[in-house]
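Here is the file final.cif (mmCIF, C-alpha atoms).
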```cif
data_target
#
loop_
_atom_site.label_atom_id
_atom_site.label_comp_id
_atom_site.auth_asym_id
_atom_site.auth_seq_id
_atom_site.Cartn_x
_atom_site.Cartn_y
_atom_site.Cartn_z
CA MET A 9 -22.68 -5.01 22.47
CA THR A 10 -19.77 -7.02 21.11
CA HIS A 11 -16.13 -6.26 21.88
CA GLY A 12 -15.56 -5.04 18.32
CA ALA A 13 -18.55 -2.70 18.49
CA ARG A 14 -17.41 -1.27 21.84
CA ARG A 15 -13.95 -0.68 20.41
CA THR A 16 -15.44 1.14 17.40
CA VAL A 17 -17.57 3.32 19.69
CA ARG A 18 -14.56 4.20 21.85
CA ARG A 19 -12.53 5.15 18.80
CA GLY A 20 -15.39 7.25 17.44
CA LEU A 21 -15.77 9.09 20.74
CA ALA A 22 -12.03 9.72 20.92
CA LEU A 23 -12.09 11.17 17.39
CA ILE A 24 -15.05 13.41 18.25
CA VAL A 25 -13.29 14.67 21.38
CA LEU A 26 -10.10 15.34 19.42
CA LEU A 27 -11.89 17.25 16.65
CA GLY A 28 -14.04 19.14 19.17
CA GLY A 29 -10.99 20.20 21.17
CA TRP A 30 -9.20 21.23 18.00
CA GLU A 31 -12.20 23.33 16.87
CA TRP A 32 -12.55 24.97 20.29
CA ALA A 33 -8.83 25.77 20.50
CA SER A 34 -8.90 27.34 17.04
CA ARG A 35 -11.96 29.48 17.80
CA ALA A 36 -10.46 30.53 21.13
CA GLY A 37 -7.37 31.81 19.31
CA TRP A 38 -5.00 29.27 20.83
CA MET A 39 -4.08 27.89 17.41
CA ASN A 40 -3.09 29.89 14.36
CA PRO A 41 -5.63 29.03 11.59
CA PHE A 42 -2.98 29.64 8.94
CA TYR A 43 -0.97 26.69 10.21
CA ALA A 44 -3.72 24.60 11.80
CA PRO A 45 -7.14 25.52 10.37
CA PRO A 46 -10.13 24.31 12.41
CA PRO A 47 -11.91 21.09 11.40
CA SER A 48 -14.88 23.12 10.18
CA ALA A 49 -12.67 24.92 7.63
CA VAL A 50 -11.12 21.63 6.53
CA ALA A 51 -14.59 20.09 6.21
CA ALA A 52 -15.74 23.02 4.04
CA VAL A 53 -12.78 22.52 1.70
CA LEU A 54 -13.43 18.77 1.68
CA VAL A 55 -17.07 19.29 0.69
CA SER A 56 -16.08 21.68 -2.09
CA LEU A 57 -13.51 19.17 -3.38
CA VAL A 58 -15.94 16.25 -3.42
CA GLY A 59 -18.56 18.41 -5.10
CA THR A 60 -16.36 19.10 -8.12
CA ASP A 61 -15.64 16.81 -11.04
CA GLU A 62 -11.92 17.63 -10.94
CA ILE A 63 -11.20 15.66 -7.74
CA TRP A 64 -12.58 12.47 -9.31
CA MET A 65 -10.20 12.82 -12.24
CA HIS A 66 -7.25 13.09 -9.84
CA LEU A 67 -8.54 10.24 -7.71
CA GLU A 68 -8.95 8.04 -10.78
CA ALA A 69 -5.34 8.72 -11.78
CA THR A 70 -4.03 7.76 -8.33
CA LEU A 71 -6.16 4.61 -8.12
CA ALA A 72 -5.08 3.56 -11.63
CA ALA A 73 -1.40 3.91 -10.77
CA ALA A 74 -1.81 2.15 -7.42
CA SER A 75 -3.84 -0.72 -8.91
CA ALA A 76 -1.42 -1.28 -11.78
CA GLY A 77 1.56 -1.13 -9.42
CA LEU A 78 -0.11 -3.54 -7.00
CA LEU A 79 -0.94 -6.15 -9.65
CA GLY A 80 2.45 -5.82 -11.35
CA GLY A 81 4.30 -5.95 -8.04
CA LEU A 82 2.40 -9.05 -6.94
CA ALA A 83 3.20 -10.84 -10.21
CA LEU A 84 6.85 -9.80 -10.27
CA GLY A 85 7.43 -10.53 -6.60
CA ILE A 86 5.89 -14.00 -6.86
CA VAL A 87 7.89 -14.93 -9.96
CA LEU A 88 11.19 -13.64 -8.57
CA GLY A 89 10.53 -15.21 -5.17
CA PHE A 90 9.88 -18.62 -6.71
CA ALA A 91 12.94 -18.32 -8.96
CA ALA A 92 15.24 -17.37 -6.08
CA ALA A 93 13.88 -20.08 -3.78
CA LEU A 94 14.14 -22.88 -6.33
CA LEU A 95 17.29 -21.86 -8.22
CA PRO A 96 20.38 -21.17 -6.07
CA VAL A 97 22.09 -19.29 -8.91
CA VAL A 98 19.17 -16.86 -9.14
CA ALA A 99 19.15 -16.47 -5.35
CA GLU A 100 22.83 -15.47 -5.37
CA LEU A 101 22.03 -12.67 -7.80
CA LEU A 102 18.64 -11.52 -6.52
CA GLU A 103 18.90 -11.80 -2.75
CA PRO A 104 21.62 -9.13 -2.26
CA LEU A 105 19.77 -6.76 -4.59
CA MET A 106 16.46 -7.27 -2.79
CA ILE A 107 18.12 -6.84 0.60
CA LEU A 108 19.63 -3.58 -0.60
CA LEU A 109 16.29 -2.35 -1.97
CA ASN A 110 14.60 -3.34 1.27
CA ALA A 111 17.20 -1.54 3.37
CA ILE A 112 16.85 1.84 1.66
CA PRO A 113 13.68 3.98 1.55
CA ARG A 114 12.51 3.00 -1.91
CA VAL A 115 10.55 6.22 -2.39
CA ILE A 116 13.89 7.94 -3.10
CA LEU A 117 13.75 6.18 -6.47
CA ALA A 118 10.80 8.37 -7.50
CA PRO A 119 12.91 11.15 -9.09
CA LEU A 120 14.91 8.54 -11.01
CA PHE A 121 11.74 6.95 -12.39
CA VAL A 122 10.54 10.40 -13.47
CA ILE A 123 13.81 10.93 -15.36
CA TRP A 124 13.53 7.53 -17.02
CA LEU A 125 9.78 7.33 -17.66
CA GLY A 126 8.54 10.92 -17.59
CA ILE A 127 5.85 12.54 -15.47
CA GLY A 128 3.05 10.35 -16.80
CA LEU A 129 1.43 7.24 -15.38
CA ALA A 130 4.41 4.94 -16.03
CA SER A 131 6.72 6.47 -13.39
CA LYS A 132 4.00 6.22 -10.71
CA VAL A 133 3.26 2.61 -11.60
CA ALA A 134 6.99 1.80 -11.52
CA LEU A 135 7.42 3.20 -8.02
CA ALA A 136 4.33 1.41 -6.69
CA LEU A 137 5.46 -1.78 -8.42
CA ILE A 138 8.95 -1.77 -6.88
CA LEU A 139 7.54 -1.12 -3.41
CA VAL A 140 5.16 -4.07 -3.69
CA ALA A 141 7.54 -6.42 -5.54
CA VAL A 142 10.23 -6.31 -2.84
CA LEU A 143 7.67 -7.03 -0.13
CA ILE A 144 6.12 -9.95 -2.00
CA PHE A 145 9.52 -11.33 -3.04
CA PHE A 146 10.52 -11.83 0.58
CA ALA A 147 7.08 -13.24 1.46
CA VAL A 148 7.36 -15.88 -1.28
CA TYR A 149 11.06 -16.56 -0.76
CA SER A 150 10.65 -16.96 2.99
CA GLY A 151 7.46 -18.97 2.58
CA ILE A 152 9.15 -21.56 0.37
CA LYS A 153 12.22 -21.73 2.61
CA GLU A 154 9.96 -22.37 5.62
CA VAL A 155 8.25 -25.37 4.00
CA ASP A 156 8.67 -28.50 6.12
CA ARG A 157 11.48 -30.52 4.55
CA ARG A 158 9.78 -33.75 5.59
CA LEU A 159 6.81 -32.88 3.40
CA VAL A 160 9.12 -32.21 0.45
CA GLU A 161 10.91 -35.49 1.01
CA ARG A 162 7.63 -37.41 1.13
CA VAL A 163 6.51 -35.97 -2.19
CA GLN A 164 9.87 -36.82 -3.73
CA THR A 165 9.71 -40.34 -2.29
CA LEU A 166 6.35 -40.83 -3.99
CA GLY A 167 7.94 -39.89 -7.32
CA GLY A 168 6.92 -36.25 -7.46
CA GLY A 169 9.24 -33.96 -9.39
CA ARG A 170 9.76 -30.22 -9.16
CA ARG A 171 6.48 -29.48 -10.94
CA ALA A 172 4.56 -31.60 -8.42
CA LEU A 173 6.36 -29.89 -5.54
CA VAL A 174 5.46 -26.45 -6.88
CA ARG A 175 1.82 -27.39 -7.48
CA GLU A 176 1.15 -29.51 -4.40
CA VAL A 177 3.50 -28.06 -1.77
CA TYR A 178 4.99 -24.66 -2.53
CA ILE A 179 1.95 -22.84 -3.96
CA PRO A 180 -0.37 -23.82 -1.06
CA SER A 181 2.37 -22.91 1.42
CA ILE A 182 3.15 -19.45 0.08
CA THR A 183 -0.50 -18.52 -0.49
CA ALA A 184 -0.94 -17.68 3.19
CA TRP A 185 2.29 -15.66 3.19
CA VAL A 186 1.27 -13.60 0.17
CA ILE A 187 -2.29 -12.97 1.31
CA GLY A 188 -1.04 -12.15 4.80
CA ASN A 189 1.08 -9.37 3.28
CA LEU A 190 -1.65 -8.17 0.92
CA LYS A 191 -2.84 -5.41 3.25
CA ILE A 192 0.70 -4.04 3.52
CA ALA A 193 1.12 -4.34 -0.26
CA VAL A 194 -2.04 -2.27 -0.83
CA GLY A 195 -0.66 0.47 1.41
CA PHE A 196 2.70 0.36 -0.36
CA ALA A 197 1.05 0.62 -3.78
CA PHE A 198 -1.02 3.62 -2.72
CA THR A 199 2.05 5.24 -1.15
CA GLY A 200 4.09 4.73 -4.31
CA ALA A 201 1.39 6.28 -6.49
CA VAL A 202 0.93 9.36 -4.27
CA VAL A 203 4.65 9.95 -3.73
CA GLY A 204 5.32 9.60 -7.46
CA GLU A 205 2.62 12.16 -8.20
CA PHE A 206 3.98 14.47 -5.50
CA VAL A 207 7.45 14.43 -7.07
CA ALA A 208 6.31 15.22 -10.61
CA SER A 209 2.91 14.86 -12.22
CA SER A 210 0.14 16.71 -13.99
CA ARG A 211 -2.71 15.04 -12.10
CA GLY A 212 -3.45 12.80 -9.13
CA LEU A 213 -3.87 13.27 -5.39
CA GLY A 214 -0.11 13.66 -4.97
CA TYR A 215 -0.17 16.44 -7.57
CA LEU A 216 -2.91 18.23 -5.62
CA LEU A 217 -0.89 17.84 -2.41
CA GLN A 218 2.12 19.39 -4.09
CA PHE A 219 -0.05 22.28 -5.26
CA ALA A 220 -1.45 22.78 -1.74
CA GLN A 221 2.06 22.80 -0.31
CA SER A 222 3.34 25.29 -2.87
CA THR A 223 0.47 27.69 -2.05
CA TYR A 224 0.79 27.18 1.74
CA ASN A 225 -2.83 26.08 1.89
CA ALA A 226 -3.05 24.06 5.11
CA ALA A 227 -6.81 23.51 4.87
CA LEU A 228 -6.51 22.02 1.38
CA THR A 229 -3.56 19.90 2.50
CA LEU A 230 -5.50 18.47 5.45
CA ALA A 231 -8.56 17.85 3.27
CA LEU A 232 -6.47 15.94 0.73
CA ILE A 233 -4.80 13.95 3.52
CA ALA A 234 -8.28 13.04 4.79
CA ILE A 235 -9.30 11.84 1.30
CA ILE A 236 -6.11 9.79 0.93
CA MET A 237 -6.60 8.25 4.37
CA ALA A 238 -10.23 7.40 3.62
CA PHE A 239 -9.44 5.60 0.38
CA ALA A 240 -6.39 3.89 1.86
CA LEU A 241 -8.54 2.59 4.71
CA ALA A 242 -11.19 1.44 2.23
CA LEU A 243 -8.60 -0.49 0.21
CA PHE A 244 -7.17 -1.88 3.44
CA ALA A 245 -10.62 -3.10 4.49
CA LEU A 246 -11.16 -4.79 1.11
CA ALA A 247 -7.79 -6.53 1.39
CA GLU A 248 -8.63 -7.66 4.93
CA ARG A 249 -11.98 -9.07 3.81
CA LEU A 250 -10.27 -10.91 0.95
CA GLU A 251 -7.72 -12.30 3.37
CA ARG A 252 -10.41 -13.60 5.73
CA ARG A 253 -12.32 -15.21 2.87
CA LEU A 254 -9.32 -16.91 1.27
CA LEU A 255 -7.81 -18.06 4.55
CA ARG A 256 -10.97 -19.40 6.15
CA TRP A 257 -9.35 -22.84 6.25
CA ARG A 258 -6.88 -21.60 8.85
CA GLN A 259 -9.73 -20.89 11.27
CA VAL A 260 -11.18 -24.39 11.00
#
```

As C-alpha cells, please, write out the structure in this file.
Amino acid sequence: MTHGARRTVRRGLALIVLLGGWEWASRAGWMNPFYAPPPSAVAAVLVSLVGTDEIWMHLEATLAAASAGLLGGLALGIVLGFAAALLPVVAELLEPLMILLNAIPRVILAPLFVIWLGIGLASKVALALILVAVLIFFAVYSGIKEVDRRLVERVQTLGGGRRALVREVYIPSITAWVIGNLKIAVGFAFTGAVVGEFVASSRGLGYLLQFAQSTYNAALTLALIAIIMAFALALFALAERLERRLLRWRQV
C-alpha cells in the first residue's frame, strides 16, 4: 500500500470514529439533538435534499455565480497585475488599493454589492470576482517582479522589446504563479458565491443556509454544509489535477 493510500485510509478511519462517537453520544443523551443532531438525522436530511429537484436548482445557481466570478477574477487580476508590474504609474494607483482590499475581509462588501446590483446573480458574481481578482493580482504582480533581471537584460540585448519580454519572459514566468494559486482562487470564488447568497438572494446554497438558520434547523444546516464541502472539495481536486498537468515541466 502506498503512502498516499495509507494516509487516505487513516483519514477515513478517523472520520468513521468521529461520526460513530457523535452518533453514540447523541443516542446516549449526552448531546442535545436540537443543537447537534446525530449524523443519522443529518444523513436523512441530506438524502431527502439530494432526492429533490429543488436542490439542483440552488446548486446550479451557486456554481454559476462561482464559475463566472472565478473566470472574471482571473482575467481581471491578470490584466491589472500586468499593468501594475509594467507601468509604474498604474502601480502607484493600484497597489495601495489592492493592499487595502487584501487587508480587510472582502466578504463585508457583500451588502454593498447587493445595494448596487440587487439580489440577483450579478451581486454574487461581483463578490466572487473581487475575492479572486485581488489574489491573482498579487500572484501576477509578484511573479513579474521576481523575474530574473539578467534574463530580461539578455532579451533586451538581443533586441527584444516590451512585447517580446511579455511573450517570452513574463507570461511563462507568471503561469506557475497563477496556476499555483488556482486552488485558492476556486475556494475564494465558491466562498464569494455562497456568502453573497447568504446575505440576500432568492436561490442558491447560501440562500438555503440562511433559511435553515432562520428556522433554527441544525440538521438542515449541517446537511447543506456537507453539500458545500463536497462540491468545494471536488472543485479543489479538479484545480489540483489541472495544476499537475500544466506544471508537469517543473517535475522534470

- List, as an MDAnalysis selection string, every residue that the PyMOL selection byres ((chain A and resi 202) around 12) selects in the file provided. chainID A and resid 66:74 77 115 118 129 131:133 135:136 195:201 203:209 211:218 232:233 235:237 239:240

From the list A:Ala193, A:Ala134, A:Ile86, A:Val53, the nearest residue to Tyr149 in chain A using only C-alpha atoms is A:Ile86

| said: Here's a test: counting only C-alpha atoms, identify every protein, DNA and RNA residue with an atom at most 9 Å from (-2.6, 20.0, 12.5) in the file's coordinate frame, and state them as a PyMOL selection string. | reply: chain A and resi 30+43-46+226+230

* Asked: Any idea what's packed within 12 Å of range 100-106 of chain A, counting all atoms listed in the file, ignoring anything in its chain fewer than 4 positions away? Could you give it as an MDAnalysis selection string?
  -> chainID A and resid 85 87:96 110:112 114 138:147 149:150

Which neighbours of Ala51 in chain A fall inside 10 Å, counting only C-alpha atoms, when residues of the same chain fewer than 6 positions from it are skipped, and could you give them as an mmCIF file with C-alpha atoms, keeping the file's coordinate frame?
```cif
data_model
loop_
_atom_site.group_PDB
_atom_site.id
_atom_site.type_symbol
_atom_site.label_atom_id
_atom_site.label_comp_id
_atom_site.auth_asym_id
_atom_site.auth_seq_id
_atom_site.Cartn_x
_atom_site.Cartn_y
_atom_site.Cartn_z
ATOM 1 C CA LEU A 57 -13.510 19.170 -3.380
ATOM 2 C CA ALA A 227 -6.810 23.510 4.870
ATOM 3 C CA LEU A 228 -6.510 22.020 1.380
ATOM 4 C CA LEU A 230 -5.500 18.470 5.450
ATOM 5 C CA ALA A 231 -8.560 17.850 3.270
ATOM 6 C CA ALA A 234 -8.280 13.040 4.790
#
```

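Taking all atoms listed in the file into account, Leu82 in chain A lies nearest to A:Val194 out of the set A:Gly37, A:Arg14, A:Gly126, A:Val194.
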
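Here the question is which of A:Pro119, A:Gly28, A:Gly188, A:Gly81 gets nearest to Arg253 in chain A using all atoms listed in the file, and that residue is A:Gly188.
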
Do you have the CA of Ile127 in chain A-CA of Gln221 in chain A distance handy?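 Taking CA of Ile127 in chain A as the start and CA of Gln221 in chain A as the end point, the length is 18.7 Å.
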